[in-house]
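Okay, target.pdb now, which holds PDB, C-alpha atoms, pLDDT in the B column:
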MODEL        1
ATOM      1  CA  MET P 107       0.000   0.000   0.000  1.00 94.00           C
ATOM      2  CA  ILE P 108       1.462   3.346  -1.101  1.00 97.00           C
ATOM      3  CA  LEU P 109       0.320   6.337   0.943  1.00 97.00           C
ATOM      4  CA  ILE P 110       0.884  10.051   0.343  1.00 97.00           C
ATOM      5  CA  ALA P 111       0.053  12.813   2.821  1.00 97.00           C
ATOM      6  CA  LEU P 112      -0.895  16.239   1.473  1.00 97.00           C
ATOM      7  CA  GLY P 113      -0.857  19.511   3.366  1.00 94.00           C
ATOM      8  CA  ALA P 114      -1.096  23.245   2.727  1.00 94.00           C
ATOM      9  CA  ASN P 115      -1.701  26.364   4.780  1.00 91.00           C
ATOM     10  CA  LEU P 116      -0.960  29.178   2.333  1.00 90.00           C
ATOM     11  CA  PRO P 117      -2.856  30.117  -0.824  1.00 91.00           C
ATOM     12  CA  SER P 118      -1.265  29.081  -4.103  1.00 89.00           C
ATOM     13  CA  SER P 119      -1.856  30.128  -7.693  1.00 88.00           C
ATOM     14  CA  PHE P 120      -4.696  27.567  -7.648  1.00 90.00           C
ATOM     15  CA  GLY P 121      -6.557  29.202  -4.773  1.00 91.00           C
ATOM     16  CA  GLU P 122      -7.015  28.482  -1.107  1.00 93.00           C
ATOM     17  CA  PRO P 123      -5.387  25.385   0.455  1.00 94.00           C
ATOM     18  CA  GLU P 124      -8.430  23.145  -0.224  1.00 94.00           C
ATOM     19  CA  GLN P 125      -8.259  23.936  -3.955  1.00 94.00           C
ATOM     20  CA  THR P 126      -4.491  23.456  -3.907  1.00 94.00           C
ATOM     21  CA  LEU P 127      -4.855  19.949  -2.450  1.00 96.00           C
ATOM     22  CA  LYS P 128      -7.483  19.005  -5.034  1.00 95.00           C
ATOM     23  CA  ARG P 129      -5.289  20.304  -7.842  1.00 96.00           C
ATOM     24  CA  ALA P 130      -2.261  18.440  -6.442  1.00 96.00           C
ATOM     25  CA  VAL P 131      -4.225  15.171  -6.555  1.00 97.00           C
ATOM     26  CA  ALA P 132      -5.129  15.902 -10.186  1.00 97.00           C
ATOM     27  CA  ASP P 133      -1.456  16.605 -10.994  1.00 96.00           C
ATOM     28  CA  ILE P 134      -0.345  13.391  -9.306  1.00 97.00           C
ATOM     29  CA  GLN P 135      -2.818  11.455 -11.459  1.00 97.00           C
ATOM     30  CA  ALA P 136      -1.819  13.367 -14.608  1.00 97.00           C
ATOM     31  CA  ARG P 137       1.768  12.185 -14.058  1.00 96.00           C
ATOM     32  CA  GLY P 138       0.738   8.530 -14.200  1.00 95.00           C
ATOM     33  CA  VAL P 139       0.114   7.731 -10.532  1.00 98.00           C
ATOM     34  CA  ARG P 140      -3.276   6.092 -10.003  1.00 98.00           C
ATOM     35  CA  VAL P 141      -5.227   7.408  -7.020  1.00 97.00           C
ATOM     36  CA  ILE P 142      -7.163   4.533  -5.421  1.00 96.00           C
ATOM     37  CA  LYS P 143      -8.761   6.310  -2.471  1.00 97.00           C
ATOM     38  CA  GLN P 144      -8.861   9.822  -1.031  1.00 96.00           C
ATOM     39  CA  SER P 145      -9.524  10.964   2.524  1.00 96.00           C
ATOM     40  CA  SER P 146     -11.532  13.970   3.561  1.00 94.00           C
ATOM     41  CA  ILE P 147      -9.682  17.234   3.954  1.00 94.00           C
ATOM     42  CA  TRP P 148      -8.911  17.865   7.615  1.00 92.00           C
ATOM     43  CA  LYS P 149      -8.429  21.350   9.066  1.00 90.00           C
ATOM     44  CA  THR P 150      -5.597  21.138  11.593  1.00 84.00           C
ATOM     45  CA  ALA P 151      -3.599  23.419  13.848  1.00 81.00           C
ATOM     46  CA  PRO P 152       0.075  23.861  12.932  1.00 80.00           C
ATOM     47  CA  VAL P 153       2.578  21.533  14.599  1.00 73.00           C
ATOM     48  CA  PRO P 154       4.421  22.749  16.548  1.00 64.00           C
ATOM     49  CA  VAL P 155       1.818  25.252  17.739  1.00 68.00           C
ATOM     50  CA  SER P 156       2.405  28.697  16.219  1.00 69.00           C
ATOM     51  CA  ASP P 157       0.526  31.680  14.831  1.00 76.00           C
ATOM     52  CA  GLN P 158       0.616  30.229  11.284  1.00 79.00           C
ATOM     53  CA  PRO P 159      -2.694  29.732   9.460  1.00 88.00           C
ATOM     54  CA  TRP P 160      -4.286  26.344  10.090  1.00 88.00           C
ATOM     55  CA  TYR P 161      -3.396  23.576   7.640  1.00 89.00           C
ATOM     56  CA  ARG P 162      -5.577  21.532   5.366  1.00 93.00           C
ATOM     57  CA  ASN P 163      -4.416  17.913   5.348  1.00 94.00           C
ATOM     58  CA  ALA P 164      -5.417  14.751   3.516  1.00 96.00           C
ATOM     59  CA  VAL P 165      -4.056  11.330   2.597  1.00 97.00           C
ATOM     60  CA  ILE P 166      -4.350   9.440  -0.670  1.00 98.00           C
ATOM     61  CA  ARG P 167      -3.700   5.776  -1.408  1.00 98.00           C
ATOM     62  CA  VAL P 168      -2.077   5.264  -4.806  1.00 98.00           C
ATOM     63  CA  GLU P 169      -0.688   2.692  -7.222  1.00 98.00           C
ATOM     64  CA  THR P 170       2.338   3.291  -9.420  1.00 97.00           C
ATOM     65  CA  ASN P 171       5.127   1.496 -11.235  1.00 96.00           C
ATOM     66  CA  LEU P 172       7.596   4.054  -9.869  1.00 97.00           C
ATOM     67  CA  GLN P 173      10.010   2.956  -7.182  1.00 95.00           C
ATOM     68  CA  ALA P 174       9.803   4.762  -3.834  1.00 95.00           C
ATOM     69  CA  LEU P 175      12.627   7.222  -4.469  1.00 93.00           C
ATOM     70  CA  GLU P 176      11.348   7.958  -7.979  1.00 95.00           C
ATOM     71  CA  LEU P 177       7.899   8.675  -6.550  1.00 96.00           C
ATOM     72  CA  LEU P 178       9.402  10.943  -3.912  1.00 94.00           C
ATOM     73  CA  GLN P 179      11.249  12.883  -6.648  1.00 95.00           C
ATOM     74  CA  LEU P 180       7.978  13.228  -8.544  1.00 97.00           C
ATOM     75  CA  LEU P 181       6.244  14.590  -5.425  1.00 96.00           C
ATOM     76  CA  HIS P 182       9.040  17.135  -4.886  1.00 94.00           C
ATOM     77  CA  SER P 183       8.729  18.194  -8.536  1.00 94.00           C
ATOM     78  CA  ILE P 184       4.990  18.777  -8.075  1.00 95.00           C
ATOM     79  CA  GLU P 185       5.630  20.803  -4.905  1.00 91.00           C
ATOM     80  CA  GLU P 186       8.068  23.014  -6.810  1.00 90.00           C
ATOM     81  CA  SER P 187       5.607  23.496  -9.684  1.00 91.00           C
ATOM     82  CA  PHE P 188       3.082  24.778  -7.108  1.00 88.00           C
ATOM     83  CA  GLY P 189       5.602  27.316  -5.823  1.00 81.00           C
ATOM     84  CA  ARG P 190       6.927  25.481  -2.775  1.00 63.00           C
ATOM     85  CA  ILE P 191      10.141  27.007  -1.527  1.00 69.00           C
ATOM     86  CA  ARG P 192      11.917  25.065   1.197  1.00 63.00           C
ATOM     87  CA  THR P 193      13.130  27.403   3.911  1.00 64.00           C
ATOM     88  CA  VAL P 194      13.127  26.521   7.602  1.00 60.00           C
ATOM     89  CA  LYS P 195      11.627  23.399   9.130  1.00 64.00           C
ATOM     90  CA  ASN P 196       7.880  23.683   9.873  1.00 58.00           C
ATOM     91  CA  ALA P 197       7.540  26.879   7.800  1.00 58.00           C
ATOM     92  CA  PRO P 198       4.159  27.715   6.255  1.00 72.00           C
ATOM     93  CA  ARG P 199       3.788  26.258   2.775  1.00 80.00           C
ATOM     94  CA  VAL P 200       1.663  26.297  -0.327  1.00 85.00           C
ATOM     95  CA  LEU P 201       1.980  22.502  -0.681  1.00 93.00           C
ATOM     96  CA  ASP P 202       3.584  19.641   1.195  1.00 91.00           C
ATOM     97  CA  LEU P 203       3.578  16.130  -0.293  1.00 95.00           C
ATOM     98  CA  ASP P 204       5.025  13.388   1.900  1.00 93.00           C
ATOM     99  CA  LEU P 205       5.493   9.767   0.913  1.00 96.00           C
ATOM    100  CA  ILE P 206       4.449   8.282   4.239  1.00 95.00           C
ATOM    101  CA  ALA P 207       4.505   4.604   3.296  1.00 96.00           C
ATOM    102  CA  TYR P 208       5.573   2.554   0.298  1.00 96.00           C
ATOM    103  CA  ASN P 209       4.093  -0.909   0.674  1.00 95.00           C
ATOM    104  CA  SER P 210       5.894  -2.464   3.635  1.00 91.00           C
ATOM    105  CA  GLU P 211       9.322  -1.181   2.592  1.00 93.00           C
ATOM    106  CA  ILE P 212      11.637   0.334   5.168  1.00 94.00           C
ATOM    107  CA  ILE P 213      14.006   2.864   3.609  1.00 93.00           C
ATOM    108  CA  ASP P 214      16.790   4.765   5.361  1.00 92.00           C
ATOM    109  CA  GLU P 215      18.902   6.148   2.537  1.00 88.00           C
ATOM    110  CA  ASP P 216      20.536   9.549   1.985  1.00 85.00           C
ATOM    111  CA  GLY P 217      18.262  11.325   4.457  1.00 84.00           C
ATOM    112  CA  VAL P 218      15.113   9.650   3.103  1.00 88.00           C
ATOM    113  CA  TYR P 219      13.085   7.699   5.650  1.00 92.00           C
ATOM    114  CA  ILE P 220      10.093   5.587   4.700  1.00 94.00           C
ATOM    115  CA  PRO P 221       7.792   5.120   6.454  1.00 93.00           C
ATOM    116  CA  HIS P 222       7.806   8.781   7.395  1.00 90.00           C
ATOM    117  CA  PRO P 223       9.699   8.947  10.720  1.00 90.00           C
ATOM    118  CA  ARG P 224       7.210  11.185  12.578  1.00 88.00           C
ATOM    119  CA  MET P 225       3.908  10.093  11.068  1.00 91.00           C
ATOM    120  CA  HIS P 226       2.974   7.934  14.069  1.00 91.00           C
ATOM    121  CA  ASN P 227       2.980  11.054  16.289  1.00 87.00           C
ATOM    122  CA  ARG P 228       0.805  13.179  14.023  1.00 88.00           C
ATOM    123  CA  SER P 229      -2.945  13.169  14.230  1.00 87.00           C
ATOM    124  CA  PHE P 230      -3.108  15.195  11.004  1.00 89.00           C
ATOM    125  CA  VAL P 231      -1.580  12.207   9.183  1.00 93.00           C
ATOM    126  CA  LEU P 232      -3.136   9.334  11.125  1.00 94.00           C
ATOM    127  CA  ARG P 233      -6.787  10.437  11.045  1.00 92.00           C
ATOM    128  CA  PRO P 234      -7.005  10.884   7.259  1.00 95.00           C
ATOM    129  CA  LEU P 235      -4.849   7.766   6.835  1.00 96.00           C
ATOM    130  CA  GLN P 236      -7.432   5.809   8.821  1.00 96.00           C
ATOM    131  CA  GLU P 237     -10.073   6.831   6.238  1.00 95.00           C
ATOM    132  CA  VAL P 238      -8.145   5.435   3.258  1.00 97.00           C
ATOM    133  CA  ALA P 239      -6.369   2.462   4.851  1.00 96.00           C
ATOM    134  CA  PRO P 240      -8.120   1.315   8.059  1.00 96.00           C
ATOM    135  CA  SER P 241      -6.265  -2.020   8.063  1.00 96.00           C
ATOM    136  CA  TRP P 242      -2.791  -0.508   7.521  1.00 96.00           C
ATOM    137  CA  ARG P 243      -0.004  -1.536   9.914  1.00 96.00           C
ATOM    138  CA  HIS P 244       3.163   0.435  10.514  1.00 95.00           C
ATOM    139  CA  PRO P 245       5.994  -1.728   9.080  1.00 94.00           C
ATOM    140  CA  VAL P 246       8.548  -0.640  11.707  1.00 95.00           C
ATOM    141  CA  LEU P 247       6.390  -0.320  14.815  1.00 95.00           C
ATOM    142  CA  LYS P 248       4.185  -3.317  13.868  1.00 96.00           C
ATOM    143  CA  ARG P 249       1.108  -1.446  15.136  1.00 96.00           C
ATOM    144  CA  SER P 250      -2.289  -0.873  13.558  1.00 96.00           C
ATOM    145  CA  ILE P 251      -3.551   2.555  12.623  1.00 95.00           C
ATOM    146  CA  ASP P 252      -6.116   2.334  15.456  1.00 94.00           C
ATOM    147  CA  ASP P 253      -3.351   1.581  17.982  1.00 94.00           C
ATOM    148  CA  LEU P 254      -1.277   4.492  16.703  1.00 94.00           C
ATOM    149  CA  ILE P 255      -4.203   6.894  17.031  1.00 91.00           C
ATOM    150  CA  GLN P 256      -4.935   5.689  20.568  1.00 90.00           C
ATOM    151  CA  ALA P 257      -1.267   6.177  21.491  1.00 88.00           C
ATOM    152  CA  LEU P 258      -1.058   9.801  20.322  1.00 82.00           C
ATOM    153  CA  PRO P 259       0.630  11.728  23.141  1.00 66.00           C
ATOM    154  CA  THR P 260      -1.721  14.708  22.924  1.00 64.00           C
ATOM    155  CA  GLU P 261      -4.751  15.476  20.854  1.00 55.00           C
ATOM    156  CA  GLU P 262      -4.014  18.070  18.220  1.00 56.00           C
ATOM    157  CA  ASP P 263      -6.717  20.497  17.230  1.00 54.00           C
ATOM    158  CA  SER P 264      -8.321  19.116  14.083  1.00 58.00           C
ATOM    159  CA  GLU P 265     -11.664  18.756  12.416  1.00 59.00           C
ATOM    160  CA  LYS P 266     -12.849  16.892   9.355  1.00 59.00           C
ATOM    161  CA  SER P 267     -13.694  19.447   6.726  1.00 63.00           C
ATOM    162  CA  LEU P 268     -14.809  18.305   3.281  1.00 61.00           C
ATOM    163  CA  PRO P 269     -14.245  15.578   0.737  1.00 62.00           C
ATOM    164  CA  LEU P 270     -10.991  15.764  -1.192  1.00 64.00           C
ATOM    165  CA  ALA P 271     -12.633  14.501  -4.360  1.00 60.00           C
ATOM    166  CA  ALA P 272     -14.006  17.281  -6.570  1.00 48.00           C
TER     167      ALA P 272
ENDMDL
END
Let me see whether you can do it: turn the structure in this file into C-alpha cells.
Amino acid sequence: MILIALGANLPSSFGEPEQTLKRAVADIQARGVRVIKQSSIWKTAPVPVSDQPWYRNAVIRVETNLQALELLQLLHSIEESFGRIRTVKNAPRVLDLDLIAYNSEIIDEDGVYIPHPRMHNRSFVLRPLQEVAPSWRHPVLKRSIDDLIQALPTEEDSEKSLPLAA
C-alpha cells in the first residue's frame, strides 16, 4: 500500500489550500500515478503550535510502477511546480507532499526515511490515513492505525472538513 500525505496552509496560484490539495491530486494522477482512495480534507492546527494559518491535510492511497525514491522525486517536482520554496523546518507552505509509506518497505537512505519517521505522532496524518487504509499496519512499529491513534501523546486540534474529491 502506497500512501501520500498532502498539506497546505498558504494560498497558491490555484486558490485556497483546499483547492491546492485538489489540484495536487489531479497533478499526481496526470503524471501517471493512479489514485485509489482519497480521505476527507482535515483542518488542523500547525505543529508545533504557532501563529501560522491552520493547515488543510489529507491522505491518498495510490498505485504506481515508480520505485519509492522515484515517486518521492515526482512529489518534490509537483511541490516546486506549485511554488513550494523550502526554507526553515515547519515553515508555512503552499503545498507539502510526503510519501508516508511505500508498501511495507523500510528505507533509510541519503536522508530519506520511509515510512515517514514522525507520522505515528501526528494526528493530522493518522486520522485521514485511517479513512483510506483502516487495516494498515506500521511496518517498523508493527502497530495498527487504530493503535497508533490511541497512542497519540496529545490530541491536536483538528476537524474533518470536506471531501478531497471534486
Could you list, with a cut-off of 10 Å and counting only C-alpha atoms, the residues of range 158-264 of chain P near range 130-137 of chain P, each shown with its nearest atom pair and the distance in Å rounded to one decimal, rows sorted by chain and ascending number, as a tab-separated table?
residue	atom	partner	partner_atom	distance
P:Val165	CA	P:Val131	CA	9.9
P:Ile166	CA	P:Val131	CA	8.2
P:Val168	CA	P:Gln135	CA	9.1
P:Glu169	CA	P:Gln135	CA	10.0
P:Thr170	CA	P:Gln135	CA	9.9
P:Leu177	CA	P:Ile134	CA	9.9
P:Leu180	CA	P:Ile134	CA	8.4
P:Leu181	CA	P:Ile134	CA	7.7
P:Ile184	CA	P:Asp133	CA	7.4
P:Glu185	CA	P:Ala130	CA	8.4
P:Ser187	CA	P:Ala130	CA	9.9
P:Phe188	CA	P:Ala130	CA	8.3
P:Leu201	CA	P:Ala130	CA	8.2
P:Asp202	CA	P:Ala130	CA	9.7
P:Leu203	CA	P:Ala130	CA	8.8
Coordinates-based distance that separates CA of Ser210 in chain P from CA of Pro234 in chain P (Å, one decimal): 18.9 Å
Proximity to Gln125 in chain P - best of P:Asn163, P:Asn227, P:Gln179, P:Gln236, all atoms listed in the file: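 Looking only at the distances to Gln125 in chain P, the closest residue turns out to be P:Asn163.
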Interatomic distance, CA of Pro117 in chain P to CA of Val200 in chain P (Å, one decimal):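 Answer for the CA of Pro117 in chain P to CA of Val200 in chain P separation: 5.9 Å.
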Do you know which residues the PyMOL selection byres ((chain P and resi 122) around 12) returns on this file, as a PDB file with C-alpha atoms, in the coordinates of the input?
ATOM      1  CA  GLY P 113      -0.857  19.511   3.366  1.00 94.00           C
ATOM      2  CA  ALA P 114      -1.096  23.245   2.727  1.00 94.00           C
ATOM      3  CA  ASN P 115      -1.701  26.364   4.780  1.00 91.00           C
ATOM      4  CA  LEU P 116      -0.960  29.178   2.333  1.00 90.00           C
ATOM      5  CA  PRO P 117      -2.856  30.117  -0.824  1.00 91.00           C
ATOM      6  CA  SER P 118      -1.265  29.081  -4.103  1.00 89.00           C
ATOM      7  CA  SER P 119      -1.856  30.128  -7.693  1.00 88.00           C
ATOM      8  CA  PHE P 120      -4.696  27.567  -7.648  1.00 90.00           C
ATOM      9  CA  GLY P 121      -6.557  29.202  -4.773  1.00 91.00           C
ATOM     10  CA  PRO P 123      -5.387  25.385   0.455  1.00 94.00           C
ATOM     11  CA  GLU P 124      -8.430  23.145  -0.224  1.00 94.00           C
ATOM     12  CA  GLN P 125      -8.259  23.936  -3.955  1.00 94.00           C
ATOM     13  CA  THR P 126      -4.491  23.456  -3.907  1.00 94.00           C
ATOM     14  CA  LEU P 127      -4.855  19.949  -2.450  1.00 96.00           C
ATOM     15  CA  LYS P 128      -7.483  19.005  -5.034  1.00 95.00           C
ATOM     16  CA  ARG P 129      -5.289  20.304  -7.842  1.00 96.00           C
ATOM     17  CA  PRO P 159      -2.694  29.732   9.460  1.00 88.00           C
ATOM     18  CA  TRP P 160      -4.286  26.344  10.090  1.00 88.00           C
ATOM     19  CA  TYR P 161      -3.396  23.576   7.640  1.00 89.00           C
ATOM     20  CA  ARG P 162      -5.577  21.532   5.366  1.00 93.00           C
ATOM     21  CA  ARG P 199       3.788  26.258   2.775  1.00 80.00           C
ATOM     22  CA  VAL P 200       1.663  26.297  -0.327  1.00 85.00           C
ATOM     23  CA  LEU P 201       1.980  22.502  -0.681  1.00 93.00           C
TER      24      LEU P 201
END
Once the PyMOL selection byres ((chain P and resi 239-254) around 10) has been evaluated on this model, what residues remain selected, and can you format them as a PDB file with C-alpha atoms, in the frame of the given file?
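Result written to out_32.pdb:
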ATOM      1  CA  MET P 107       0.000   0.000   0.000  1.00 94.00           C
ATOM      2  CA  ILE P 108       1.462   3.346  -1.101  1.00 97.00           C
ATOM      3  CA  LEU P 109       0.320   6.337   0.943  1.00 97.00           C
ATOM      4  CA  LYS P 143      -8.761   6.310  -2.471  1.00 97.00           C
ATOM      5  CA  GLN P 144      -8.861   9.822  -1.031  1.00 96.00           C
ATOM      6  CA  SER P 145      -9.524  10.964   2.524  1.00 96.00           C
ATOM      7  CA  VAL P 165      -4.056  11.330   2.597  1.00 97.00           C
ATOM      8  CA  ILE P 166      -4.350   9.440  -0.670  1.00 98.00           C
ATOM      9  CA  ARG P 167      -3.700   5.776  -1.408  1.00 98.00           C
ATOM     10  CA  ALA P 207       4.505   4.604   3.296  1.00 96.00           C
ATOM     11  CA  TYR P 208       5.573   2.554   0.298  1.00 96.00           C
ATOM     12  CA  ASN P 209       4.093  -0.909   0.674  1.00 95.00           C
ATOM     13  CA  SER P 210       5.894  -2.464   3.635  1.00 91.00           C
ATOM     14  CA  GLU P 211       9.322  -1.181   2.592  1.00 93.00           C
ATOM     15  CA  ILE P 212      11.637   0.334   5.168  1.00 94.00           C
ATOM     16  CA  ILE P 220      10.093   5.587   4.700  1.00 94.00           C
ATOM     17  CA  PRO P 221       7.792   5.120   6.454  1.00 93.00           C
ATOM     18  CA  PRO P 223       9.699   8.947  10.720  1.00 90.00           C
ATOM     19  CA  MET P 225       3.908  10.093  11.068  1.00 91.00           C
ATOM     20  CA  HIS P 226       2.974   7.934  14.069  1.00 91.00           C
ATOM     21  CA  ASN P 227       2.980  11.054  16.289  1.00 87.00           C
ATOM     22  CA  ARG P 228       0.805  13.179  14.023  1.00 88.00           C
ATOM     23  CA  SER P 229      -2.945  13.169  14.230  1.00 87.00           C
ATOM     24  CA  LEU P 232      -3.136   9.334  11.125  1.00 94.00           C
ATOM     25  CA  ARG P 233      -6.787  10.437  11.045  1.00 92.00           C
ATOM     26  CA  PRO P 234      -7.005  10.884   7.259  1.00 95.00           C
ATOM     27  CA  LEU P 235      -4.849   7.766   6.835  1.00 96.00           C
ATOM     28  CA  GLN P 236      -7.432   5.809   8.821  1.00 96.00           C
ATOM     29  CA  GLU P 237     -10.073   6.831   6.238  1.00 95.00           C
ATOM     30  CA  VAL P 238      -8.145   5.435   3.258  1.00 97.00           C
ATOM     31  CA  ILE P 255      -4.203   6.894  17.031  1.00 91.00           C
ATOM     32  CA  GLN P 256      -4.935   5.689  20.568  1.00 90.00           C
ATOM     33  CA  ALA P 257      -1.267   6.177  21.491  1.00 88.00           C
ATOM     34  CA  LEU P 258      -1.058   9.801  20.322  1.00 82.00           C
ATOM     35  CA  PRO P 259       0.630  11.728  23.141  1.00 66.00           C
TER      36      PRO P 259
END
For CA of Val231 in chain P and CA of Gly138 in chain P, the interatomic separation in Å (one decimal):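 Taking CA of Val231 in chain P as the start and CA of Gly138 in chain P as the end point, the length is 23.8 Å.
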